[in-house]
file input-v6.pdb (PDB, C-alpha atoms, pLDDT in the B column)
ATOM      1  CA  MET A 462      -4.063  17.906   6.427  1.00 84.00           C
ATOM      2  CA  VAL A 463      -4.424  14.804   4.255  1.00 90.00           C
ATOM      3  CA  THR A 464      -5.943  11.555   5.505  1.00 90.00           C
ATOM      4  CA  GLN A 465      -5.626   8.334   3.514  1.00 89.00           C
ATOM      5  CA  ARG A 466      -6.195   4.656   4.204  1.00 90.00           C
ATOM      6  CA  LEU A 467      -3.122   2.723   3.099  1.00 88.00           C
ATOM      7  CA  VAL A 468      -3.269  -1.033   2.702  1.00 87.00           C
ATOM      8  CA  SER A 469      -0.338  -3.170   1.691  1.00 86.00           C
ATOM      9  CA  ASN A 470      -1.262  -5.893  -0.784  1.00 87.00           C
ATOM     10  CA  PHE A 471       0.306  -7.541  -3.819  1.00 92.00           C
ATOM     11  CA  ASP A 472      -0.667  -4.694  -6.150  1.00 90.00           C
ATOM     12  CA  THR A 473       0.802  -1.944  -3.968  1.00 87.00           C
ATOM     13  CA  ILE A 474       3.966  -3.914  -3.219  1.00 89.00           C
ATOM     14  CA  PHE A 475       4.565  -4.856  -6.865  1.00 93.00           C
ATOM     15  CA  ARG A 476       3.923  -1.243  -7.923  1.00 89.00           C
ATOM     16  CA  ALA A 477       6.518  -0.016  -5.391  1.00 87.00           C
ATOM     17  CA  LYS A 478       9.047  -2.668  -6.474  1.00 90.00           C
ATOM     18  CA  ALA A 479       8.595  -1.653 -10.110  1.00 90.00           C
ATOM     19  CA  TYR A 480       8.919   2.034  -9.158  1.00 88.00           C
ATOM     20  CA  PHE A 481      12.253   1.505  -7.400  1.00 87.00           C
ATOM     21  CA  PHE A 482      13.505  -0.890 -10.070  1.00 91.00           C
ATOM     22  CA  LEU A 483      12.710   1.467 -12.947  1.00 88.00           C
ATOM     23  CA  LYS A 484      14.000   4.485 -11.046  1.00 85.00           C
ATOM     24  CA  LYS A 485      17.343   3.060  -9.915  1.00 83.00           C
ATOM     25  CA  SER A 486      18.281  -0.473 -10.896  1.00 90.00           C
ATOM     26  CA  ILE A 487      17.364  -0.604 -14.568  1.00 92.00           C
ATOM     27  CA  TRP A 488      20.137   1.858 -15.469  1.00 92.00           C
ATOM     28  CA  LYS A 489      22.722  -0.263 -13.666  1.00 94.00           C
ATOM     29  CA  TYR A 490      21.578  -3.386 -15.522  1.00 95.00           C
ATOM     30  CA  LEU A 491      21.598  -1.559 -18.860  1.00 94.00           C
ATOM     31  CA  LEU A 492      25.144  -0.298 -18.282  1.00 95.00           C
ATOM     32  CA  PHE A 493      26.308  -3.717 -17.057  1.00 95.00           C
ATOM     33  CA  THR A 494      24.832  -5.557 -20.042  1.00 95.00           C
ATOM     34  CA  LEU A 495      26.264  -3.036 -22.527  1.00 94.00           C
ATOM     35  CA  ILE A 496      29.698  -3.583 -20.965  1.00 96.00           C
ATOM     36  CA  MET A 497      29.077  -7.333 -21.275  1.00 95.00           C
ATOM     37  CA  GLY A 498      28.205  -6.773 -24.936  1.00 94.00           C
ATOM     38  CA  TYR A 499      31.624  -5.189 -25.506  1.00 94.00           C
ATOM     39  CA  ALA A 500      33.496  -7.774 -23.443  1.00 94.00           C
ATOM     40  CA  LEU A 501      31.615 -10.845 -24.714  1.00 92.00           C
ATOM     41  CA  PRO A 502      29.962 -10.065 -28.052  1.00 92.00           C
ATOM     42  CA  ILE A 503      27.526 -12.689 -29.329  1.00 92.00           C
ATOM     43  CA  ASN A 504      28.852 -14.359 -32.517  1.00 89.00           C
ATOM     44  CA  GLU A 505      29.058 -11.743 -35.250  1.00 87.00           C
ATOM     45  CA  LEU A 506      26.750  -9.174 -33.677  1.00 92.00           C
ATOM     46  CA  SER A 507      27.898  -5.682 -32.792  1.00 94.00           C
ATOM     47  CA  PRO A 508      28.730  -5.026 -29.133  1.00 93.00           C
ATOM     48  CA  ILE A 509      25.633  -2.832 -28.718  1.00 94.00           C
ATOM     49  CA  SER A 510      23.335  -5.485 -30.231  1.00 94.00           C
ATOM     50  CA  SER A 511      24.954  -8.085 -27.968  1.00 95.00           C
ATOM     51  CA  GLY A 512      24.491  -5.821 -24.950  1.00 95.00           C
ATOM     52  CA  LEU A 513      20.821  -5.286 -25.767  1.00 95.00           C
ATOM     53  CA  ILE A 514      20.271  -9.026 -26.125  1.00 96.00           C
ATOM     54  CA  TYR A 515      21.948  -9.546 -22.741  1.00 96.00           C
ATOM     55  CA  PHE A 516      19.738  -6.807 -21.317  1.00 96.00           C
ATOM     56  CA  VAL A 517      16.543  -8.464 -22.588  1.00 96.00           C
ATOM     57  CA  ALA A 518      17.714 -11.804 -21.173  1.00 96.00           C
ATOM     58  CA  VAL A 519      18.398 -10.250 -17.766  1.00 95.00           C
ATOM     59  CA  MET A 520      14.970  -8.547 -17.786  1.00 96.00           C
ATOM     60  CA  ILE A 521      13.296 -11.862 -18.669  1.00 96.00           C
ATOM     61  CA  LEU A 522      14.943 -13.321 -15.557  1.00 96.00           C
ATOM     62  CA  LEU A 523      14.420 -10.383 -13.199  1.00 94.00           C
ATOM     63  CA  TRP A 524      10.764  -9.458 -13.755  1.00 95.00           C
ATOM     64  CA  PRO A 525       9.435 -12.878 -12.688  1.00 96.00           C
ATOM     65  CA  LEU A 526      11.689 -12.620  -9.618  1.00 95.00           C
ATOM     66  CA  GLN A 527      10.193  -9.204  -8.845  1.00 93.00           C
ATOM     67  CA  TYR A 528       6.733 -10.731  -9.210  1.00 96.00           C
ATOM     68  CA  LEU A 529       7.511 -13.676  -6.931  1.00 95.00           C
ATOM     69  CA  SER A 530       9.186 -11.426  -4.379  1.00 92.00           C
ATOM     70  CA  ALA A 531       6.139  -9.126  -4.280  1.00 92.00           C
ATOM     71  CA  LYS A 532       3.853 -12.150  -3.936  1.00 93.00           C
ATOM     72  CA  ARG A 533       5.888 -13.499  -1.008  1.00 93.00           C
ATOM     73  CA  PHE A 534       6.226 -10.112   0.684  1.00 88.00           C
ATOM     74  CA  SER A 535       2.494  -9.421   0.370  1.00 87.00           C
ATOM     75  CA  LYS A 536       1.836 -12.559   2.406  1.00 87.00           C
ATOM     76  CA  LEU A 537       4.345 -11.525   5.108  1.00 87.00           C
ATOM     77  CA  ILE A 538       3.476  -7.890   5.591  1.00 83.00           C
ATOM     78  CA  ASN A 539       0.144  -6.942   7.088  1.00 80.00           C
ATOM     79  CA  PHE A 540      -0.062  -3.168   6.790  1.00 83.00           C
ATOM     80  CA  ASP A 541      -3.467  -1.514   7.052  1.00 87.00           C
ATOM     81  CA  ALA A 542      -3.542   1.995   8.442  1.00 90.00           C
ATOM     82  CA  ILE A 543      -5.260   5.334   8.312  1.00 92.00           C
ATOM     83  CA  VAL A 544      -2.426   7.780   7.690  1.00 92.00           C
ATOM     84  CA  GLU A 545      -2.797  11.448   8.553  1.00 94.00           C
ATOM     85  CA  PHE A 546      -0.314  13.842   6.983  1.00 94.00           C
ATOM     86  CA  ASN A 547      -0.209  17.289   8.558  1.00 92.00           C
ATOM     87  CA  GLU A 548       2.298  20.142   8.584  1.00 92.00           C
ATOM     88  CA  GLN A 549       4.297  18.835  11.562  1.00 93.00           C
ATOM     89  CA  GLU A 550       3.986  15.055  11.504  1.00 94.00           C
ATOM     90  CA  ILE A 551       2.660  11.873   9.974  1.00 94.00           C
ATOM     91  CA  LYS A 552       0.351   9.811  12.160  1.00 95.00           C
ATOM     92  CA  LEU A 553      -0.247   6.130  11.374  1.00 93.00           C
ATOM     93  CA  ASN A 554      -3.344   4.613  13.002  1.00 92.00           C
ATOM     94  CA  HIS A 555      -2.868   0.872  12.451  1.00 91.00           C
ATOM     95  CA  ASN A 556      -6.231  -0.823  11.927  1.00 88.00           C
ATOM     96  CA  ASN A 557      -4.964  -4.372  12.438  1.00 83.00           C
ATOM     97  CA  SER A 558      -3.216  -3.774  15.761  1.00 85.00           C
ATOM     98  CA  ASN A 559      -4.995  -0.711  17.197  1.00 84.00           C
ATOM     99  CA  THR A 560      -1.689   1.096  17.662  1.00 91.00           C
ATOM    100  CA  VAL A 561      -0.669   4.609  16.701  1.00 92.00           C
ATOM    101  CA  GLU A 562       2.737   5.638  15.358  1.00 91.00           C
ATOM    102  CA  VAL A 563       3.837   9.224  14.949  1.00 94.00           C
ATOM    103  CA  LYS A 564       6.630  10.071  12.511  1.00 93.00           C
ATOM    104  CA  ASP A 565       8.160  13.394  11.623  1.00 92.00           C
ATOM    105  CA  TRP A 566       8.670  14.495   8.029  1.00 93.00           C
ATOM    106  CA  ASN A 567      12.292  13.234   8.106  1.00 92.00           C
ATOM    107  CA  TRP A 568      10.745   9.790   7.713  1.00 92.00           C
ATOM    108  CA  VAL A 569       9.961  10.772   4.102  1.00 93.00           C
ATOM    109  CA  ARG A 570      13.143  10.889   2.050  1.00 92.00           C
ATOM    110  CA  VAL A 571      11.643  12.099  -1.249  1.00 91.00           C
ATOM    111  CA  ILE A 572       8.245  13.201  -2.503  1.00 93.00           C
ATOM    112  CA  GLU A 573       7.705  12.744  -6.234  1.00 92.00           C
ATOM    113  CA  ILE A 574       4.592  14.035  -7.907  1.00 93.00           C
ATOM    114  CA  LYS A 575       3.948  12.066 -11.085  1.00 91.00           C
ATOM    115  CA  LYS A 576       1.139  12.282 -13.621  1.00 90.00           C
ATOM    116  CA  GLU A 577      -1.238   9.893 -11.837  1.00 92.00           C
ATOM    117  CA  ARG A 578       0.343   9.297  -8.413  1.00 92.00           C
ATOM    118  CA  ILE A 579       2.216  10.895  -5.577  1.00 94.00           C
ATOM    119  CA  TRP A 580       5.158   8.796  -4.373  1.00 92.00           C
ATOM    120  CA  LEU A 581       6.652   9.172  -0.917  1.00 92.00           C
ATOM    121  CA  ALA A 582       9.945   7.262  -0.660  1.00 90.00           C
ATOM    122  CA  LEU A 583      10.609   6.547   3.001  1.00 90.00           C
ATOM    123  CA  ASN A 584      13.803   6.510   5.028  1.00 88.00           C
ATOM    124  CA  GLU A 585      13.747   2.795   5.771  1.00 84.00           C
ATOM    125  CA  ALA A 586      16.525   0.207   5.603  1.00 79.00           C
ATOM    126  CA  ARG A 587      14.581  -1.729   2.967  1.00 79.00           C
ATOM    127  CA  PRO A 588      13.361   0.483   0.105  1.00 77.00           C
ATOM    128  CA  PHE A 589       9.763   1.355   0.887  1.00 82.00           C
ATOM    129  CA  ALA A 590       7.366   3.819  -0.666  1.00 87.00           C
ATOM    130  CA  ILE A 591       3.852   5.091  -0.204  1.00 88.00           C
ATOM    131  CA  SER A 592       1.905   5.596  -3.410  1.00 90.00           C
ATOM    132  CA  ILE A 593      -1.258   7.694  -3.397  1.00 92.00           C
ATOM    133  CA  PRO A 594      -3.353   7.970  -6.551  1.00 92.00           C
ATOM    134  CA  LYS A 595      -4.089  11.601  -7.408  1.00 93.00           C
ATOM    135  CA  SER A 596      -7.661  10.578  -8.173  1.00 92.00           C
ATOM    136  CA  LYS A 597      -8.184  10.023  -4.422  1.00 91.00           C
ATOM    137  CA  LEU A 598      -6.926  13.511  -3.559  1.00 92.00           C
ATOM    138  CA  SER A 599      -8.455  16.954  -3.842  1.00 92.00           C
ATOM    139  CA  GLN A 600      -6.491  19.754  -5.484  1.00 93.00           C
ATOM    140  CA  SER A 601      -5.711  21.264  -2.065  1.00 92.00           C
ATOM    141  CA  GLU A 602      -4.332  17.908  -0.869  1.00 93.00           C
ATOM    142  CA  ILE A 603      -2.119  17.676  -3.955  1.00 92.00           C
ATOM    143  CA  GLU A 604      -0.909  21.213  -3.223  1.00 92.00           C
ATOM    144  CA  PHE A 605      -0.137  20.123   0.349  1.00 93.00           C
ATOM    145  CA  PHE A 606       2.255  17.438  -0.935  1.00 92.00           C
ATOM    146  CA  LYS A 607       3.780  19.892  -3.401  1.00 92.00           C
ATOM    147  CA  SER A 608       4.522  22.252  -0.503  1.00 91.00           C
ATOM    148  CA  LYS A 609       6.209  19.420   1.437  1.00 88.00           C
ATOM    149  CA  LYS A 610       8.461  18.518  -1.487  1.00 81.00           C
TER     150      LYS A 610
END
call {"tool": "encode", "arguments": {"input": "input-v6.pdb", "output": "structure tokens"}}
result
Amino acid sequence: MVTQRLVSNFDTIFRAKAYFFLKKSIWKYLLFTLIMGYALPINELSPISSGLIYFVAVMILLWPLQYLSAKRFSKLINFDAIVEFNEQEIKLNHNNSNTVEVKDWNWVRVIEIKKERIWLALNEARPFAISIPKSKLSQSEIEFFKSKK
């Protein structure tokens, strides 16, 4: 069993937004801007150079939007819970509302074990993830998540 306190704040929300963006969306934007580079090359630049310039321009627009969205969402959401992960279920003890939710492991769509964090992408309509730093976990707790993968 693993027990962690999870609090939603700007840092955790922005980290999750960046995780999903880098995992999924960035490839779509890269492909789209490379196609734009072929369709609408900039002056005498090659299509690939044009596409990369378009890509940088899109990133310059999107990252501040990600930042502002995370800032806004962090003010709306008020998530503070002690989460217990065990073999059968996930129990969320909400500190701010004194309620308890019990979820089964189908609630977790994907578990990714990265170098410094464990990511649990959840089956929610809006992309949502739980990020747990490995530094807060013992080796047996890390092994628990590996077994649930």
call {"tool": "closest_residue", "arguments": {"input": "input-v6.pdb", "among": "A:Thr464, A:Val563, A:Ser469, A:Tyr490", "to": "Phe605 in chain A", "atoms": "only C-alpha atoms"}}
result
A:Thr464
call {"tool": "atom_distance", "arguments": {"input": "input-v6.pdb", "atom1": "CA of Ala531 in chain A", "atom2": "CA of Phe546 in chain A"}}
result
26.4 Å
call {"tool": "resolve_selection", "arguments": {"input": "input-v6.pdb", "expression": "the PyMOL selection byres ((chain A and resi 474) around 12)", "output": "PDB file with C-alpha atoms, in the frame of the given file"}}
result
ATOM      1  CA  LEU A 467      -3.122   2.723   3.099  1.00 88.00           C
ATOM      2  CA  VAL A 468      -3.269  -1.033   2.702  1.00 87.00           C
ATOM      3  CA  SER A 469      -0.338  -3.170   1.691  1.00 86.00           C
ATOM      4  CA  ASN A 470      -1.262  -5.893  -0.784  1.00 87.00           C
ATOM      5  CA  PHE A 471       0.306  -7.541  -3.819  1.00 92.00           C
ATOM      6  CA  ASP A 472      -0.667  -4.694  -6.150  1.00 90.00           C
ATOM      7  CA  THR A 473       0.802  -1.944  -3.968  1.00 87.00           C
ATOM      8  CA  PHE A 475       4.565  -4.856  -6.865  1.00 93.00           C
ATOM      9  CA  ARG A 476       3.923  -1.243  -7.923  1.00 89.00           C
ATOM     10  CA  ALA A 477       6.518  -0.016  -5.391  1.00 87.00           C
ATOM     11  CA  LYS A 478       9.047  -2.668  -6.474  1.00 90.00           C
ATOM     12  CA  ALA A 479       8.595  -1.653 -10.110  1.00 90.00           C
ATOM     13  CA  TYR A 480       8.919   2.034  -9.158  1.00 88.00           C
ATOM     14  CA  PHE A 481      12.253   1.505  -7.400  1.00 87.00           C
ATOM     15  CA  GLN A 527      10.193  -9.204  -8.845  1.00 93.00           C
ATOM     16  CA  TYR A 528       6.733 -10.731  -9.210  1.00 96.00           C
ATOM     17  CA  LEU A 529       7.511 -13.676  -6.931  1.00 95.00           C
ATOM     18  CA  SER A 530       9.186 -11.426  -4.379  1.00 92.00           C
ATOM     19  CA  ALA A 531       6.139  -9.126  -4.280  1.00 92.00           C
ATOM     20  CA  LYS A 532       3.853 -12.150  -3.936  1.00 93.00           C
ATOM     21  CA  ARG A 533       5.888 -13.499  -1.008  1.00 93.00           C
ATOM     22  CA  PHE A 534       6.226 -10.112   0.684  1.00 88.00           C
ATOM     23  CA  SER A 535       2.494  -9.421   0.370  1.00 87.00           C
ATOM     24  CA  LYS A 536       1.836 -12.559   2.406  1.00 87.00           C
ATOM     25  CA  LEU A 537       4.345 -11.525   5.108  1.00 87.00           C
ATOM     26  CA  ILE A 538       3.476  -7.890   5.591  1.00 83.00           C
ATOM     27  CA  ASN A 539       0.144  -6.942   7.088  1.00 80.00           C
ATOM     28  CA  PHE A 540      -0.062  -3.168   6.790  1.00 83.00           C
ATOM     29  CA  PRO A 588      13.361   0.483   0.105  1.00 77.00           C
ATOM     30  CA  PHE A 589       9.763   1.355   0.887  1.00 82.00           C
ATOM     31  CA  ALA A 590       7.366   3.819  -0.666  1.00 87.00           C
ATOM     32  CA  ILE A 591       3.852   5.091  -0.204  1.00 88.00           C
ATOM     33  CA  SER A 592       1.905   5.596  -3.410  1.00 90.00           C
TER      34      SER A 592
END
call {"tool": "closest_residue", "arguments": {"input": "input-v6.pdb", "among": "A:Lys607, A:Asp541, A:Glu585, A:Asn559", "to": "Arg466 in chain A", "atoms": "all atoms listed in the file"}}
result
A:Asp541
call {"tool": "closest_residue", "arguments": {"input": "input-v6.pdb", "among": "A:Asn567, A:Asn557, A:Gln465, A:Ser511", "to": "Val544 in chain A", "atoms": "all atoms listed in the file"}}
result
A:Gln465
call {"tool": "closest_residue", "arguments": {"input": "input-v6.pdb", "among": "A:Ile514, A:Val463, A:Ile579, A:Met520", "to": "Trp488 in chain A", "atoms": "only C-alpha atoms"}}
result
A:Met520
call {"tool": "atom_distance", "arguments": {"input": "input-v6.pdb", "atom1": "CA of Glu604 in chain A", "atom2": "CA of Leu581 in chain A"}}
result
14.4 Å
call {"tool": "atom_distance", "arguments": {"input": "input-v6.pdb", "atom1": "CA of Lys552 in chain A", "atom2": "CA of Lys564 in chain A"}}
result
6.3 Å
call {"tool": "closest_residue", "arguments": {"input": "input-v6.pdb", "among": "A:Ser601, A:Trp580, A:Phe482, A:Leu506", "to": "Trp524 in chain A", "atoms": "all atoms listed in the file"}}
result
A:Phe482
call {"tool": "residues_near_point", "arguments": {"input": "input-v6.pdb", "point": "(24.7, -3.9, -17.4)", "cutoff": "12 Å", "atoms": "only C-alpha atoms", "output": "PDB file with C-alpha atoms, in the coordinates of the input"}}
result
ATOM      1  CA  SER A 486      18.281  -0.473 -10.896  1.00 90.00           C
ATOM      2  CA  ILE A 487      17.364  -0.604 -14.568  1.00 92.00           C
ATOM      3  CA  TRP A 488      20.137   1.858 -15.469  1.00 92.00           C
ATOM      4  CA  LYS A 489      22.722  -0.263 -13.666  1.00 94.00           C
ATOM      5  CA  TYR A 490      21.578  -3.386 -15.522  1.00 95.00           C
ATOM      6  CA  LEU A 491      21.598  -1.559 -18.860  1.00 94.00           C
ATOM      7  CA  LEU A 492      25.144  -0.298 -18.282  1.00 95.00           C
ATOM      8  CA  PHE A 493      26.308  -3.717 -17.057  1.00 95.00           C
ATOM      9  CA  THR A 494      24.832  -5.557 -20.042  1.00 95.00           C
ATOM     10  CA  LEU A 495      26.264  -3.036 -22.527  1.00 94.00           C
ATOM     11  CA  ILE A 496      29.698  -3.583 -20.965  1.00 96.00           C
ATOM     12  CA  MET A 497      29.077  -7.333 -21.275  1.00 95.00           C
ATOM     13  CA  GLY A 498      28.205  -6.773 -24.936  1.00 94.00           C
ATOM     14  CA  TYR A 499      31.624  -5.189 -25.506  1.00 94.00           C
ATOM     15  CA  ALA A 500      33.496  -7.774 -23.443  1.00 94.00           C
ATOM     16  CA  ILE A 509      25.633  -2.832 -28.718  1.00 94.00           C
ATOM     17  CA  SER A 511      24.954  -8.085 -27.968  1.00 95.00           C
ATOM     18  CA  GLY A 512      24.491  -5.821 -24.950  1.00 95.00           C
ATOM     19  CA  LEU A 513      20.821  -5.286 -25.767  1.00 95.00           C
ATOM     20  CA  ILE A 514      20.271  -9.026 -26.125  1.00 96.00           C
ATOM     21  CA  TYR A 515      21.948  -9.546 -22.741  1.00 96.00           C
ATOM     22  CA  PHE A 516      19.738  -6.807 -21.317  1.00 96.00           C
ATOM     23  CA  VAL A 517      16.543  -8.464 -22.588  1.00 96.00           C
ATOM     24  CA  ALA A 518      17.714 -11.804 -21.173  1.00 96.00           C
ATOM     25  CA  VAL A 519      18.398 -10.250 -17.766  1.00 95.00           C
ATOM     26  CA  MET A 520      14.970  -8.547 -17.786  1.00 96.00           C
TER      27      MET A 520
END
call {"tool": "residues_around", "arguments": {"input": "input-v6.pdb", "residues": "Lys595 in chain A", "least_positions_apart": "5", "cutoff": "8 Å", "atoms": "only C-alpha atoms", "output": "mmCIF file with C-alpha atoms, in the frame of the given file"}}
result
data_model
loop_
_atom_site.group_PDB
_atom_site.id
_atom_site.type_symbol
_atom_site.label_atom_id
_atom_site.label_comp_id
_atom_site.auth_asym_id
_atom_site.auth_seq_id
_atom_site.Cartn_x
_atom_site.Cartn_y
_atom_site.Cartn_z
ATOM 1 C CA GLU A 577 -1.238 9.893 -11.837
ATOM 2 C CA ARG A 578 0.343 9.297 -8.413
ATOM 3 C CA ILE A 579 2.216 10.895 -5.577
ATOM 4 C CA ILE A 603 -2.119 17.676 -3.955
#
call {"tool": "axis_aligned_box", "arguments": {"input": "input-v6.pdb", "around": "range 590-594 of chain A", "padding_each_side": "3 Å", "output": "JSON"}}
result
{"center_x": 2.0, "center_y": 5.9, "center_z": -3.4, "size_x": 16.7, "size_y": 10.2, "size_z": 12.3}
call {"tool": "resolve_selection", "arguments": {"input": "input-v6.pdb", "expression": "the PyMOL selection byres ((chain A and resi 568) around 9)", "output": "ChimeraX atom specification"}}
result
/A:551,564-567,569-570,582-585
call {"tool": "write_last_selection", "arguments": {"input": "input-v6.pdb", "atoms": "C-alpha atoms", "output": "JSON list (two decimals), in the frame of the given file"}}
result
[["chain", "number", "residue", "atom", "x", "y", "z"],
["A", 551, "ILE", "CA", 2.66, 11.87, 9.97],
["A", 564, "LYS", "CA", 6.63, 10.07, 12.51],
["A", 565, "ASP", "CA", 8.16, 13.39, 11.62],
["A", 566, "TRP", "CA", 8.67, 14.50, 8.03],
["A", 567, "ASN", "CA", 12.29, 13.23, 8.11],
["A", 569, "VAL", "CA", 9.96, 10.77, 4.10],
["A", 570, "ARG", "CA", 13.14, 10.89, 2.05],
["A", 582, "ALA", "CA", 9.94, 7.26, -0.66],
["A", 583, "LEU", "CA", 10.61, 6.55, 3.00],
["A", 584, "ASN", "CA", 13.80, 6.51, 5.03],
["A", 585, "GLU", "CA", 13.75, 2.80, 5.77]]
